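Note: the block below is target-v3.cif and it holds mmCIF, C-alpha atoms.
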```
data_target
#
loop_
_atom_site.label_atom_id
_atom_site.label_comp_id
_atom_site.auth_asym_id
_atom_site.auth_seq_id
_atom_site.Cartn_x
_atom_site.Cartn_y
_atom_site.Cartn_z
CA MET A 55 35.60 140.59 -230.66
CA ASN A 56 37.00 139.16 -227.46
CA TRP A 57 39.90 136.83 -226.76
CA THR A 58 37.64 133.81 -226.33
CA GLN A 59 36.19 134.18 -229.82
CA LEU A 60 39.63 134.66 -231.32
CA GLY A 61 41.00 131.59 -229.52
CA GLY A 62 37.98 129.49 -230.50
CA SER A 63 38.25 130.52 -234.14
CA LEU A 64 41.95 129.72 -234.25
CA ALA A 65 41.35 126.32 -232.63
CA ALA A 66 38.61 125.52 -235.18
CA VAL A 67 40.84 126.42 -238.11
CA LEU A 68 43.69 124.28 -236.75
CA LEU A 69 41.30 121.37 -236.16
CA LEU A 70 40.02 121.54 -239.75
CA ALA A 71 43.58 121.70 -241.11
CA TRP A 72 44.51 118.64 -239.04
CA ILE A 73 41.48 116.69 -240.32
CA ALA A 74 42.31 117.61 -243.94
CA ARG A 75 45.87 116.39 -243.39
CA LEU A 76 44.65 113.08 -241.92
CA LEU A 77 42.38 112.54 -244.92
CA LYS A 78 45.24 113.51 -247.27
CA LEU A 79 43.05 116.07 -249.00
CA GLY A 80 44.92 118.13 -251.54
CA GLU A 81 47.90 115.77 -251.59
CA SER A 82 48.99 115.13 -255.16
CA ARG A 83 52.63 114.16 -254.76
CA ILE A 84 53.61 111.16 -256.87
CA ALA A 85 55.44 109.35 -254.09
CA ASP A 86 56.84 106.29 -255.88
CA ALA A 87 56.58 104.05 -258.93
CA GLU A 88 53.68 102.04 -257.48
CA THR A 89 51.67 105.22 -256.89
CA ALA A 90 52.42 106.40 -260.43
CA ARG A 91 51.28 103.07 -261.92
CA ARG A 92 48.05 103.14 -259.89
CA MET A 93 47.30 106.76 -260.87
CA ALA A 94 47.85 106.01 -264.58
CA GLU A 95 45.60 102.94 -264.48
CA GLU A 96 42.84 104.90 -262.73
CA ALA A 97 43.02 107.81 -265.18
CA LEU A 98 43.31 105.97 -268.51
CA SER A 99 40.72 103.44 -269.58
CA GLY A 100 42.20 100.04 -270.41
CA PHE A 101 45.72 101.07 -269.41
CA VAL A 102 47.70 98.34 -267.63
CA ALA A 103 50.88 99.77 -266.11
CA ARG A 104 54.12 97.83 -266.20
CA ALA A 105 56.99 100.12 -265.16
CA ALA A 106 57.40 103.74 -264.09
CA LEU A 107 59.95 106.52 -263.77
CA VAL A 108 59.19 109.12 -261.11
CA GLY A 109 60.89 112.48 -260.80
CA THR A 110 62.78 112.89 -257.54
CA ASN A 111 60.57 115.81 -256.49
CA GLY A 112 57.34 113.80 -256.99
CA ALA A 113 55.91 116.30 -259.49
CA ALA A 114 55.91 114.11 -262.62
CA ALA A 115 56.24 110.53 -263.84
CA LEU A 116 56.38 108.40 -266.99
CA VAL A 117 54.50 105.10 -266.86
CA LEU A 118 54.97 102.30 -269.37
CA GLY A 119 51.78 100.42 -270.12
CA ASN A 120 50.31 97.75 -272.33
CA ASP A 121 49.63 100.12 -275.22
CA GLY A 122 51.87 103.13 -274.75
CA ILE A 123 53.37 105.51 -272.28
CA ALA A 124 51.46 107.74 -269.87
CA LEU A 125 52.78 111.06 -268.61
CA LEU A 126 51.65 112.23 -265.19
CA LYS A 127 52.13 115.67 -263.69
CA ARG A 128 50.88 117.43 -260.61
CA HIS A 129 48.24 119.99 -261.41
CA GLY A 130 47.17 121.78 -258.25
CA ALA A 131 45.60 119.29 -255.85
CA LYS A 132 45.18 116.66 -258.57
CA VAL A 133 47.34 114.73 -261.02
CA ALA A 134 46.84 115.21 -264.76
CA VAL A 135 47.54 112.25 -267.07
CA ARG A 136 48.10 112.05 -270.83
CA ARG A 137 48.77 109.08 -273.09
CA LEU A 138 51.76 109.73 -275.36
CA GLY A 139 52.68 108.26 -278.70
CA ARG A 140 56.09 107.17 -279.82
CA PRO A 141 58.64 108.50 -280.26
CA LEU A 142 58.79 110.59 -277.11
CA TRP A 143 59.83 114.17 -277.78
CA ARG A 144 62.32 114.98 -275.06
CA ARG A 145 65.23 117.21 -274.33
CA PRO A 146 67.82 116.98 -271.59
CA SER A 147 68.07 119.82 -269.13
CA PRO A 148 70.35 120.45 -266.14
CA GLU A 149 67.55 119.38 -263.76
CA GLY A 150 66.52 116.20 -265.59
CA VAL A 151 64.56 115.44 -268.77
CA THR A 152 61.80 117.58 -270.26
CA ILE A 153 59.06 115.70 -272.12
CA GLU A 154 57.22 117.64 -274.83
CA THR A 155 53.56 116.63 -275.04
CA GLY A 156 52.60 118.62 -278.11
CA GLU A 157 49.57 119.96 -276.25
CA LYS A 158 49.52 123.67 -275.59
CA MET A 159 47.29 123.37 -272.52
CA PHE A 160 49.21 120.45 -270.93
CA GLY A 161 52.63 121.86 -271.81
CA ALA A 162 56.10 120.41 -271.41
CA VAL A 163 56.78 118.36 -268.28
CA LEU A 164 60.10 118.19 -266.41
CA LEU A 165 61.05 114.83 -264.90
CA TYR A 166 63.32 116.21 -262.21
CA GLY A 167 66.39 114.08 -261.47
CA VAL A 168 65.69 111.57 -264.27
CA LEU A 169 68.46 110.82 -266.77
CA PRO A 170 67.85 110.66 -270.55
CA GLU A 171 69.19 107.08 -270.52
CA ASP A 172 66.43 106.06 -268.10
CA VAL A 173 63.77 107.43 -270.46
CA ASP A 174 65.45 105.63 -273.40
CA ARG A 175 65.34 102.31 -271.48
CA LEU A 176 61.67 102.78 -270.59
CA GLU A 177 60.75 103.61 -274.18
CA ALA A 178 62.76 100.65 -275.50
CA GLN A 179 60.72 98.29 -273.30
CA LEU A 180 57.63 99.31 -275.27
CA THR A 181 59.02 97.74 -278.44
CA LEU A 182 59.81 94.49 -276.62
CA MET A 183 56.16 93.85 -275.74
#
```

This structure in structure tokens:
Amino acid sequence: MNWTQLGGSLAAVLLLAWIARLLKLGESRIADAETARRMAEEALSGFVARAALVGTNGAAALVLGNDGIALLKRHGAKVAVRRLGRPLWRRPSPEGVTIETGEKMFGAVLLYGVLPEDVDRLEAQLTLM
């Protein structure tokens, strides 16, 4: 192997990484409430999103919809979504609020930086509809 091959290979890898970044491949961060609402509507058939709570680290979100609440969490390069029934099973933690899904494979989800009162307000809006 010579220096030209090594340099060419390195340049090709950097070019591919740059293209992947431009196309936002592998990006699964839940950036804001609008993104969370859009992701929930795309994942759940017939779900019309109304309001959302997003963790400050962008790893999870709760979305209030026309017929329930959706829980979103980052799962590798994708976002996994589950529809939850009421009442929400939650517990406060020092980092935020942990939502229990009742599914072994999906697991509990931490909404980082979200207060229990915020979750209570979101859940209360479901009864007003």

For this session: List the neighbours of Val102 in chain A out to 10 Å using only C-alpha atoms; skip same-chain residues closer than 5 positions along the sequence, and give me the result as a ChimeraX atom specification.
Result: /A:91-92,94-96,117-122

For this session: Would you work out the distance separating CA of Trp57 in chain A from CA of Arg75 in chain A, expressed in Å to one decimal?
Result: 27.0 Å

For this session: Please identify all polymer residues within 12 Å of Glu154 in chain A, counting all atoms listed in the file, omitting same-chain residues fewer than 5 positions from it, and present them as a list of chain:residue names.
Result: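 Listed by chain and then number, they are A:Leu125, A:Arg136, A:Leu138, A:Gly139, A:Arg140, A:Pro141, A:Leu142, A:Trp143, A:Arg144, A:Arg145, A:Pro146, A:Met159, A:Phe160, A:Gly161, A:Ala162, A:Val163, A:Leu164, A:Leu165.
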
Exercise. Quick one, how far is CA of Arg128 in chain A from CA of Thr110 in chain A?
Worked result: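 One can read the CA of Arg128 in chain A to CA of Thr110 in chain A distance as 13.1 Å.
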
Problem set entry | Point-to-point distance in Å for CA of Ala115 in chain A and CA of Ile84 in chain A |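 Going from CA of Ile84 in chain A over to CA of Ala115 in chain A, I get 7.5 Å.
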
For this session: Give the answer as one residue: which of A:Leu60, A:Ala65, A:Leu116, A:Ala131 has the shortest atom-to-atom distance to Arg175 in chain A, using all atoms listed in the file?
Result: A:Leu116

Exercise. Residues picked by the PyMOL selection byres ((chain A and resi 171) around 12) here, as a ChimeraX atom specification?
Worked result: /A:107,144-146,150-151,167-170,172-178

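Compared by their closest atoms to Lys132 in chain A, and using all atoms listed in the file, the residues A:Ala71, A:Ala106, A:Ala114, A:Ala87 rank with A:Ala114 nearest.
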
Exercise. Taking all atoms listed in the file into account, which of A:Ile73, A:Gln59, A:Arg137, A:Thr181 comes nearest Gly100 in chain A?
Worked result: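 When distances to Gly100 in chain A are compared using all atoms listed in the file, the smallest one comes from A:Arg137.
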
Exercise. Using all atoms listed in the file, which of A:Ile153, A:Leu69, A:Leu126, A:Val108 sits nearest Asp86 in chain A?
Worked result: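 Using all atoms listed in the file, the shortest distance to Asp86 in chain A belongs to A:Val108.
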